[in-house]
Every structure is written in C-alpha cells, then in structure tokens.
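The structure file structure_35.txt is reproduced below (compact mmCIF, C-alpha atoms and all ligand atoms).
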# COMPACT_ATOMS: atom_id res chain seq x y z
CA MET A 1 -71.05 -54.24 -122.96
CA THR A 2 -74.21 -54.65 -120.89
CA SER A 3 -75.02 -51.43 -119.16
CA LYS A 4 -72.99 -51.06 -115.94
CA LYS A 5 -74.58 -49.37 -112.96
CA ILE A 6 -72.69 -46.59 -111.23
CA LEU A 7 -73.62 -45.06 -107.89
CA ILE A 8 -72.63 -41.40 -107.52
CA THR A 9 -72.74 -40.81 -103.79
CA ARG A 10 -73.06 -37.00 -103.70
CA LEU A 11 -74.26 -34.05 -105.75
CA PHE A 12 -71.18 -33.03 -107.72
CA PRO A 13 -70.38 -31.15 -110.97
CA GLU A 14 -72.86 -32.27 -113.64
CA ILE A 15 -70.20 -32.81 -116.24
CA GLY A 16 -69.11 -36.05 -114.56
CA ALA A 17 -72.54 -37.70 -114.68
CA LYS A 18 -73.04 -36.42 -118.23
CA LEU A 19 -69.84 -38.09 -119.40
CA LEU A 20 -70.82 -41.36 -117.75
CA LYS A 21 -74.33 -41.30 -119.25
CA LYS A 22 -72.93 -40.50 -122.69
CA ALA A 23 -70.64 -43.51 -122.38
CA GLY A 24 -73.69 -45.73 -121.73
CA PHE A 25 -73.59 -46.14 -117.96
CA GLU A 26 -76.71 -46.33 -115.86
CA ILE A 27 -76.40 -43.75 -113.11
CA THR A 28 -77.95 -43.58 -109.66
CA GLN A 29 -77.09 -40.30 -107.95
CA TRP A 30 -77.82 -39.56 -104.30
CA GLN A 31 -79.90 -36.38 -104.48
CA GLU A 32 -79.80 -35.14 -100.92
CA ASP A 33 -77.32 -32.44 -99.98
CA ARG A 34 -75.83 -34.55 -97.20
CA PRO A 35 -73.69 -37.66 -97.11
CA MET A 36 -75.53 -40.96 -96.71
CA THR A 37 -75.39 -42.78 -93.41
CA GLN A 38 -73.26 -45.92 -93.59
CA SER A 39 -76.30 -48.20 -93.78
CA GLU A 40 -77.84 -46.05 -96.53
CA LEU A 41 -74.54 -46.17 -98.40
CA ILE A 42 -74.30 -49.97 -98.19
CA GLU A 43 -77.94 -50.31 -99.23
CA GLN A 44 -77.41 -47.98 -102.21
CA ALA A 45 -74.13 -49.57 -103.26
CA LYS A 46 -75.66 -53.05 -103.50
CA GLY A 47 -76.60 -53.79 -107.08
CA HIS A 48 -74.07 -51.30 -108.50
CA HIS A 49 -70.87 -52.11 -110.37
CA GLY A 50 -69.05 -48.90 -109.60
CA ILE A 51 -69.05 -46.26 -106.87
CA LEU A 52 -68.08 -42.68 -107.57
CA CYS A 53 -67.55 -41.28 -104.08
CA THR A 54 -65.71 -38.67 -102.10
CA LEU A 55 -64.09 -38.30 -98.71
CA THR A 56 -67.41 -38.23 -96.82
CA GLU A 57 -68.06 -41.89 -97.72
CA LYS A 58 -66.47 -44.67 -95.74
CA ILE A 59 -65.64 -47.41 -98.23
CA ASP A 60 -64.58 -49.98 -95.68
CA SER A 61 -64.17 -53.70 -95.53
CA GLU A 62 -67.78 -54.23 -94.42
CA LEU A 63 -69.15 -52.26 -97.36
CA LEU A 64 -66.91 -54.04 -99.84
CA SER A 65 -67.87 -57.47 -98.49
CA SER A 66 -71.57 -56.55 -98.54
CA CYS A 67 -71.48 -55.38 -102.15
CA PRO A 68 -69.94 -58.23 -104.19
CA ASN A 69 -70.90 -56.61 -107.52
CA ILE A 70 -68.54 -53.66 -107.05
CA GLU A 71 -65.86 -53.68 -109.78
CA ILE A 72 -64.42 -50.16 -109.45
CA ILE A 73 -64.22 -47.31 -106.95
CA SER A 74 -63.61 -43.84 -108.30
CA GLN A 75 -62.74 -41.27 -105.64
CA PHE A 76 -63.56 -37.60 -106.27
CA ALA A 77 -60.55 -36.33 -104.26
CA VAL A 78 -56.80 -36.69 -104.09
CA GLY A 79 -56.80 -38.04 -100.53
CA TYR A 80 -58.29 -41.50 -100.07
CA ASP A 81 -58.03 -42.28 -96.37
CA ASN A 82 -61.80 -42.97 -96.37
CA ILE A 83 -61.22 -46.06 -98.52
CA ASP A 84 -59.82 -49.39 -97.38
CA VAL A 85 -57.48 -49.64 -100.35
CA LYS A 86 -55.83 -52.78 -98.96
CA LYS A 87 -59.13 -54.63 -98.87
CA ALA A 88 -60.12 -53.31 -102.32
CA THR A 89 -56.79 -54.53 -103.70
CA GLN A 90 -57.27 -57.97 -102.11
CA LEU A 91 -60.64 -58.14 -103.82
CA GLY A 92 -59.09 -57.04 -107.15
CA ILE A 93 -61.06 -53.76 -107.15
CA PRO A 94 -59.22 -50.81 -108.72
CA VAL A 95 -59.41 -47.45 -106.97
CA GLY A 96 -59.15 -44.27 -109.03
CA TYR A 97 -58.59 -40.74 -107.67
CA THR A 98 -58.14 -37.15 -108.88
CA PRO A 99 -54.57 -35.90 -108.28
CA ASP A 100 -52.75 -32.94 -109.93
CA VAL A 101 -55.75 -30.88 -111.05
CA LEU A 102 -56.44 -29.65 -107.52
CA SER A 103 -52.87 -28.85 -106.48
CA ALA A 104 -52.90 -25.15 -107.40
CA ALA A 105 -56.34 -24.49 -105.89
CA THR A 106 -55.41 -26.24 -102.63
CA ALA A 107 -52.10 -24.38 -102.43
CA ASP A 108 -54.02 -21.10 -102.89
CA ILE A 109 -55.97 -21.93 -99.74
CA ALA A 110 -52.80 -22.79 -97.78
CA PHE A 111 -51.21 -19.53 -98.98
CA GLY A 112 -54.36 -17.54 -98.23
CA LEU A 113 -54.62 -18.98 -94.72
CA MET A 114 -50.96 -18.11 -94.11
CA VAL A 115 -51.44 -14.48 -95.14
CA ALA A 116 -54.81 -14.17 -93.36
CA THR A 117 -53.34 -15.60 -90.15
CA SER A 118 -50.21 -13.45 -90.25
CA ARG A 119 -52.43 -10.32 -90.35
CA LYS A 120 -55.29 -11.63 -88.14
CA MET A 121 -57.74 -11.07 -91.00
CA PHE A 122 -60.53 -13.44 -89.96
CA TYR A 123 -60.51 -12.12 -86.40
CA LEU A 124 -60.50 -8.47 -87.48
CA HIS A 125 -63.31 -9.07 -89.98
CA LYS A 126 -65.34 -10.61 -87.18
CA SER A 127 -64.60 -7.65 -84.87
CA ILE A 128 -66.21 -5.27 -87.41
CA ILE A 129 -69.31 -7.47 -87.58
CA GLU A 130 -69.41 -7.24 -83.78
CA ASP A 131 -69.29 -3.43 -84.05
CA LYS A 132 -65.86 -3.22 -82.40
CA TRP A 133 -64.13 -0.95 -84.96
CA ASP A 134 -63.74 2.31 -83.12
CA TYR A 135 -60.65 4.27 -84.29
CA PHE A 136 -57.22 3.78 -85.82
CA LYS A 137 -54.84 2.30 -83.27
CA PRO A 138 -51.11 2.61 -83.98
CA ASN A 139 -50.23 -0.10 -81.55
CA ALA A 140 -53.01 -2.65 -81.93
CA ASN A 141 -53.98 -5.45 -84.31
CA LEU A 142 -50.39 -5.96 -85.37
CA GLY A 143 -49.53 -8.91 -87.53
CA ILE A 144 -46.19 -10.35 -88.56
CA GLU A 145 -44.45 -10.15 -91.94
CA LEU A 146 -43.58 -13.07 -94.17
CA HIS A 147 -40.80 -11.65 -96.37
CA ASN A 148 -37.64 -13.76 -96.33
CA LYS A 149 -39.00 -16.04 -93.61
CA THR A 150 -38.55 -19.81 -93.60
CA LEU A 151 -41.35 -21.96 -94.96
CA GLY A 152 -41.31 -25.56 -93.77
CA ILE A 153 -43.31 -28.03 -95.83
CA PHE A 154 -44.28 -31.35 -94.31
CA GLY A 155 -44.96 -33.61 -97.29
CA LEU A 156 -43.55 -31.93 -100.37
CA GLY A 157 -45.56 -33.54 -103.16
CA ARG A 158 -47.66 -31.83 -105.81
CA ILE A 159 -49.63 -29.52 -103.49
CA GLY A 160 -46.63 -28.75 -101.27
CA PHE A 161 -44.65 -27.82 -104.37
CA GLU A 162 -47.34 -25.32 -105.45
CA MET A 163 -47.44 -23.79 -101.96
CA ALA A 164 -43.64 -23.47 -101.90
CA LYS A 165 -43.68 -21.86 -105.36
CA LEU A 166 -46.26 -19.27 -104.25
CA CYS A 167 -44.32 -18.45 -101.07
CA LYS A 168 -41.03 -18.19 -102.92
CA GLY A 169 -42.53 -15.89 -105.57
CA ALA A 170 -44.51 -13.65 -103.21
CA TYR A 171 -42.17 -13.42 -100.23
CA ASN A 172 -38.84 -14.92 -101.29
CA MET A 173 -39.26 -17.45 -98.50
CA ASN A 174 -36.49 -19.91 -97.77
CA VAL A 175 -37.99 -23.40 -98.30
CA ILE A 176 -37.14 -26.40 -96.15
CA TYR A 177 -39.07 -29.65 -96.25
CA ASN A 178 -39.43 -33.08 -94.75
CA ASN A 179 -40.50 -36.00 -96.93
CA ARG A 180 -39.95 -39.71 -97.10
CA THR A 181 -38.13 -39.19 -100.41
CA PRO A 182 -36.24 -36.11 -101.64
CA ASN A 183 -38.08 -33.84 -104.09
CA LYS A 184 -35.41 -33.04 -106.67
CA LYS A 185 -37.68 -30.73 -108.67
CA ALA A 186 -38.30 -28.53 -105.61
CA GLU A 187 -34.61 -28.55 -104.77
CA GLN A 188 -33.61 -27.48 -108.29
CA GLU A 189 -36.41 -25.02 -109.06
CA LEU A 190 -37.08 -23.52 -105.63
CA GLY A 191 -33.80 -24.14 -103.81
CA ALA A 192 -35.69 -26.26 -101.26
CA ASN A 193 -33.62 -28.16 -98.71
CA TRP A 194 -34.55 -31.50 -97.14
CA VAL A 195 -34.30 -31.48 -93.33
CA ASP A 196 -35.23 -34.02 -90.67
CA PHE A 197 -38.53 -33.61 -88.80
CA GLU A 198 -36.93 -32.08 -85.71
CA THR A 199 -35.15 -29.43 -87.80
CA LEU A 200 -38.36 -28.69 -89.69
CA LEU A 201 -40.10 -28.01 -86.37
CA ALA A 202 -37.26 -25.93 -84.99
CA GLN A 203 -36.57 -23.75 -88.04
CA SER A 204 -39.93 -23.10 -89.73
CA ASP A 205 -41.52 -19.66 -89.39
CA VAL A 206 -44.51 -21.09 -91.26
CA LEU A 207 -45.02 -24.85 -91.14
CA SER A 208 -47.47 -26.06 -93.77
CA VAL A 209 -48.78 -29.63 -93.84
CA HIS A 210 -49.31 -31.30 -97.23
CA CYS A 211 -48.83 -35.01 -96.55
CA ALA A 212 -51.36 -37.83 -96.82
CA LEU A 213 -53.08 -39.14 -93.70
CA THR A 214 -51.43 -42.47 -92.90
CA PRO A 215 -50.73 -44.36 -89.66
CA ALA A 216 -47.33 -42.62 -89.64
CA THR A 217 -48.73 -39.08 -89.96
CA ASN A 218 -51.88 -39.52 -87.82
CA GLY A 219 -51.50 -37.11 -84.87
CA ILE A 220 -47.86 -36.32 -85.65
CA PHE A 221 -48.45 -32.64 -84.87
CA ASN A 222 -49.06 -33.02 -81.15
CA LYS A 223 -47.83 -31.31 -77.99
CA LYS A 224 -44.38 -32.85 -78.40
CA ALA A 225 -44.11 -31.36 -81.89
CA PHE A 226 -45.63 -27.94 -81.05
CA ASP A 227 -43.25 -27.64 -78.10
CA LYS A 228 -40.33 -27.74 -80.54
CA MET A 229 -41.69 -25.01 -82.82
CA LYS A 230 -40.74 -21.33 -82.71
CA LEU A 231 -42.87 -19.09 -80.47
CA SER A 232 -43.38 -16.87 -83.53
CA SER A 233 -44.42 -19.70 -85.88
CA ILE A 234 -47.61 -20.21 -87.86
CA PHE A 235 -48.98 -23.73 -88.35
CA ILE A 236 -51.05 -24.39 -91.50
CA ASN A 237 -52.95 -27.60 -92.24
CA THR A 238 -54.83 -28.05 -95.52
CA ALA A 239 -54.28 -31.83 -95.71
CA ARG A 240 -56.29 -33.80 -93.14
CA GLY A 241 -57.42 -32.77 -89.66
CA LEU A 242 -56.31 -36.01 -88.04
CA ILE A 243 -52.68 -35.09 -88.76
CA HIS A 244 -52.80 -32.60 -85.89
CA ASN A 245 -54.07 -33.10 -82.35
CA GLU A 246 -56.58 -30.29 -81.95
CA THR A 247 -56.53 -30.21 -78.15
CA ASP A 248 -52.74 -29.87 -78.22
CA LEU A 249 -53.03 -27.22 -80.93
CA ILE A 250 -55.43 -25.12 -78.83
CA GLU A 251 -53.12 -25.51 -75.84
CA ALA A 252 -50.08 -24.46 -77.93
CA LEU A 253 -51.92 -21.26 -78.93
CA ASN A 254 -53.20 -20.56 -75.42
CA SER A 255 -49.75 -20.95 -73.93
CA GLN A 256 -48.23 -18.90 -76.79
CA GLN A 257 -46.03 -21.82 -77.70
CA ILE A 258 -46.86 -21.03 -81.34
CA TRP A 259 -48.07 -17.69 -82.76
CA GLY A 260 -50.86 -18.60 -85.17
CA VAL A 261 -52.82 -21.28 -86.96
CA GLY A 262 -54.56 -21.59 -90.34
CA LEU A 263 -56.75 -24.63 -90.92
CA ASP A 264 -58.77 -25.84 -93.88
CA VAL A 265 -59.18 -29.22 -92.21
CA THR A 266 -60.17 -29.86 -88.62
CA ASN A 267 -60.42 -32.69 -86.19
CA PRO A 268 -63.24 -33.61 -86.12
CA GLU A 269 -65.02 -32.28 -89.20
CA PRO A 270 -67.25 -30.39 -89.23
CA MET A 271 -65.85 -28.12 -86.52
CA LYS A 272 -68.45 -27.11 -83.95
CA ALA A 273 -69.39 -23.40 -83.82
CA ASN A 274 -68.27 -23.19 -80.18
CA ASN A 275 -64.71 -24.38 -80.88
CA PRO A 276 -62.30 -22.05 -79.00
CA LEU A 277 -60.13 -21.74 -82.14
CA LEU A 278 -62.86 -19.70 -83.81
CA VAL A 279 -62.56 -16.80 -81.39
CA MET A 280 -58.78 -16.64 -81.21
CA GLU A 281 -57.01 -13.66 -82.72
CA ASN A 282 -54.31 -15.41 -84.70
CA VAL A 283 -56.44 -18.18 -86.14
CA SER A 284 -58.10 -18.63 -89.54
CA VAL A 285 -60.36 -21.60 -90.20
CA LEU A 286 -62.09 -22.66 -93.42
CA PRO A 287 -64.53 -25.57 -93.91
CA HIS A 288 -62.38 -27.91 -96.04
CA VAL A 289 -62.56 -26.02 -99.35
CA GLY A 290 -59.03 -26.60 -100.71
CA SER A 291 -60.09 -27.82 -104.13
CA GLY A 292 -63.23 -25.68 -104.16
CA THR A 293 -63.13 -23.67 -107.36
CA VAL A 294 -65.54 -24.12 -110.27
CA GLU A 295 -62.70 -24.96 -112.63
CA THR A 296 -60.98 -27.46 -110.33
CA ARG A 297 -64.12 -29.29 -109.28
CA ASP A 298 -65.15 -29.66 -112.95
CA LYS A 299 -61.72 -31.10 -113.76
CA MET A 300 -62.01 -33.51 -110.83
CA ALA A 301 -65.45 -34.65 -112.01
CA ILE A 302 -64.09 -35.29 -115.51
CA ILE A 303 -61.17 -37.33 -114.16
CA ALA A 304 -63.42 -39.30 -111.77
CA ALA A 305 -65.76 -40.15 -114.67
CA ASN A 306 -62.91 -40.96 -117.06
CA ASN A 307 -61.36 -43.31 -114.53
CA ILE A 308 -64.56 -45.40 -114.73
CA ILE A 309 -64.96 -45.04 -118.51
CA GLY A 310 -61.33 -46.02 -119.13
CA PHE A 311 -61.63 -49.09 -116.93
CA TYR A 312 -64.62 -50.49 -118.81
CA LYS A 313 -63.43 -49.37 -122.24
CA ASN A 314 -59.89 -50.73 -122.28
CA LYS A 315 -59.00 -51.69 -118.71
CA GLN A 316 -57.02 -48.48 -118.26
CA ILE A 317 -57.54 -46.10 -115.37
CA PRO A 318 -55.74 -42.80 -116.00
CA HIS A 319 -55.31 -42.07 -112.28
CA ILE A 320 -55.18 -45.19 -110.15
CA ILE A 321 -54.01 -45.80 -106.60
CA ASN A 322 -53.55 -49.59 -106.82
CA PRO A 323 -52.35 -50.29 -110.40
CA GLU A 324 -51.31 -53.81 -109.41
CA VAL A 325 -54.93 -54.98 -109.67
CA LEU A 326 -54.94 -54.27 -113.41
CA GLN A 327 -51.89 -56.37 -114.12
CA ASP A 328 -52.69 -59.75 -115.69
C1 LIG A 401 -59.59 -33.08 -100.48
O1 LIG A 401 -59.39 -32.99 -99.31
C2 LIG A 401 -58.98 -34.07 -101.31
O2 LIG A 401 -58.36 -35.01 -100.80
O3 LIG A 401 -59.13 -33.97 -102.54
Can you dump the structure from the file as structure tokens?
Amino acid sequence: MTSKKILITRLFPEIGAKLLKKAGFEITQWQEDRPMTQSELIEQAKGHHGILCTLTEKIDSELLSSCPNIEIISQFAVGYDNIDVKKATQLGIPVGYTPDVLSAATADIAFGLMVATSRKMFYLHKSIIEDKWDYFKPNANLGIELHNKTLGIFGLGRIGFEMAKLCKGAYNMNVIYNNRTPNKKAEQELGANWVDFETLLAQSDVLSVHCALTPATNGIFNKKAFDKMKLSSIFINTARGLIHNETDLIEALNSQQIWGVGLDVTNPEPMKANNPLLVMENVSVLPHVGSGTVETRDKMAIIAANNIIGFYKNKQIPHIINPEVLQD
C-alpha cells in the first residue's frame, strides 16, 4: 500500500498517532491548541486521504466536495452531528466513531452534575471563594434529596443506561425513559419503564438527556417542555447543547418552573463568562468534559486510529456509522 496521508485535526492522546505511524501512515497533526477555522481545515484536508477529527470540526458538504482525495473520516467522539454523514455516504466515504468506551465516564458527569445541583455545590463553592462563608445556618443553603425519586432518561442508549444504573444503585431511583425503541436490557436489569414524552416531563424528578442531536431532538427542551415539568425537578444535559433552548431554560429557572439545572453542554459552546446560569444557586455547569478521563480518551484515540487502520488493512471499520458504504 502506498503511504496514505492522514490529517489529525487536534492535539489528542499520543497513542492514536503512534498506532497510525506504526501502521505506515503519514500523519499531519494540527499543533495549535485551538480548532482550525473552516478555511484552514479545508486547506489542511486537501491532499489527505483520511481525516481524524472531533466535534469542533465541521465536516460539511463544502469540505467534502473541496477535498476529493478523502477516503475515510474517523471521528474522535460518539456524537457526530458535526459531520454531514448523508453527503459522506453519497460520496462512498465511511465514517467511524468511538462509542461504548466513553459511556461510563459520561454517565459519571451526568450523575455528578445531578448530585452537585441537588446540593448547590458549585454555587456554595463559589460563595467561599467570594468570602461569603460566615457561620453555620440551620435554615440556609438547603438542597433536595434524591433517594427513591424518579429519574427520567431521554434517550436510553449506552450512556443513558450507565446513568440509570448509577442512580438505581446509589439512590434506588425509579427509572422511566423515552426512546424511539424500547430498551429491553434496561427494563429487565433496572426495572426501567418506557413512557411517552409528556409523561416523562410530568413525572421526572430528575430529567437527564442522553439522546443524539438530530432534527427531531434539536430544541425539544423548550418553554413548552419546561412548563410541563415538576417545579421541584432537575434538568441535566450531557448530550448536546442544541437539544435545549437556553433562553427558555434560564426563564424556567428564573420563574421557578423547574428547580435546578446541570449542564455539561451549552448552547452555544463555549458558554460566555457572563451567562446568567453561572451565578444561579441551583445550577452546575461544566465545559463539555463528559468523556474527559485519561483512560477513556486513550481508548477513544485507539478506536479512532483502529477505524482507519482496519479500513485500509481489510476494509473493516470496527465502529462505523454508515456501514452501507462498505458493502460491495
Ligand atoms: C462528546 O460529546 C462525544 O460525542 O463524544
């Protein structure tokens, strides 16, 4: 095989590039600690056969048409809403991704945000930094408990399952969920019950979002949805910021329509430092770190590299979004 050229669009765990080099690929890696602009990305991608990218890169129709040499896209993430998969499929370009290995780490963040929000941890931490800890107050800074409450999962796939398992084990939470298809494993192992969207909104004490961003889920958590939630509920989103309407979310908190919010994803990203959510008592926000552990990011880098290696070695991509392009 003549040496194939792979563009790695970001600094990411070294093990991935090492595997690719060992397998004989010629690597170009963007060295700056920022995503490329779109024109830089197109310029860089030209002349490469593969792109190893992540959610900060927009792999759109224009890029794909401008880079006719591209034979494979390997996404370093489980979500792939930054990629025009339809266009890639039309062009016969396979798209790999990194599912499964990040489910537990991402669920840890959803679980952590739930606990932190229920006890106002981020806000109270900040109040100490601001020198506002004076004395013990029996009647102040009160959170809410999670034992035996109802957890609603919107999108019960691999990450949602891990979140439900944690909540069941830690707090014996009753799990309800809304999905396009029933999740039999969650029903059998966790006693989860499928409910329609309206029931999910009405009954969840904690509503945690774990679906993909699609036209159907874009903005689905808006004023109409928040208005149907319990006044005592906590909304958690660790999936994609565009799934909630942030103006409506702020309004729902201000009007005490919902009790609290935990976000690992925001709309837009990055969130600006003056966002009103950051000074609210019952809010916890993290900068999109769901899969961010050393172990998980290494595993993702290995999978992202192996998706490329497998494709050139024997036309097999272990984790592929559009397998139809590999069928003869
Ligand atoms: C992170 O958000 C991912 O999709 O992997």
Open item on the list: Report, in Å with one decimal, the straight-line distance from CA of Ile72 in chain A to CA of His319 in chain A.
Closed with: 12.5 Å
- [ ] Tell me, as a ChimeraX atom specification, which residues lie within 6 Å of range 103-106 of chain A, counting only C-alpha atoms; anything in the same chain fewer than 5 positions away does not count.
- [x] /A:159,162,290-291
Task: Shortest interatomic distance to Met121 in chain A - which of A:Ile144, A:Lys137, A:Glu246, A:Glu269, counting all atoms listed in the file - done: A:Ile144
Open item on the list: I'd like the contact shell of Asn307 in chain A - 7 Å cut-off, all atoms listed in the file, skipping same-chain residues fewer than 3 positions apart - returned as JSON, numbers by chain.
Closed with: {"A": [74, 96, 303, 304, 310, 311, 317, 318, 319]}
Task: Minimum-distance residue to Val115 in chain A, chosen among A:Arg10, A:Arg240, A:His147, A:Lys132 (using only C-alpha atoms) - done: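 Smallest separation from Val115 in chain A among the options: A:His147.
You can rank A:Asn282, A:Ser3, A:Thr150, A:Thr98 by their closest distance to ligand LIG 401 (chain A) using all atoms listed in the file, and at the top of that list sits A:Thr98.
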Task: Contacts with ligand LIG 401 (chain A) at most 7 Å, all atoms listed in the file counted, listed as a list in words - done: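 For ligand LIG 401 (chain A), the residues inside 7 Å are Leu55, Phe76, Ala77, Val78, Gly79, Tyr80, Ala239, Arg240, His288, Gly290 and Ser291 of chain A.
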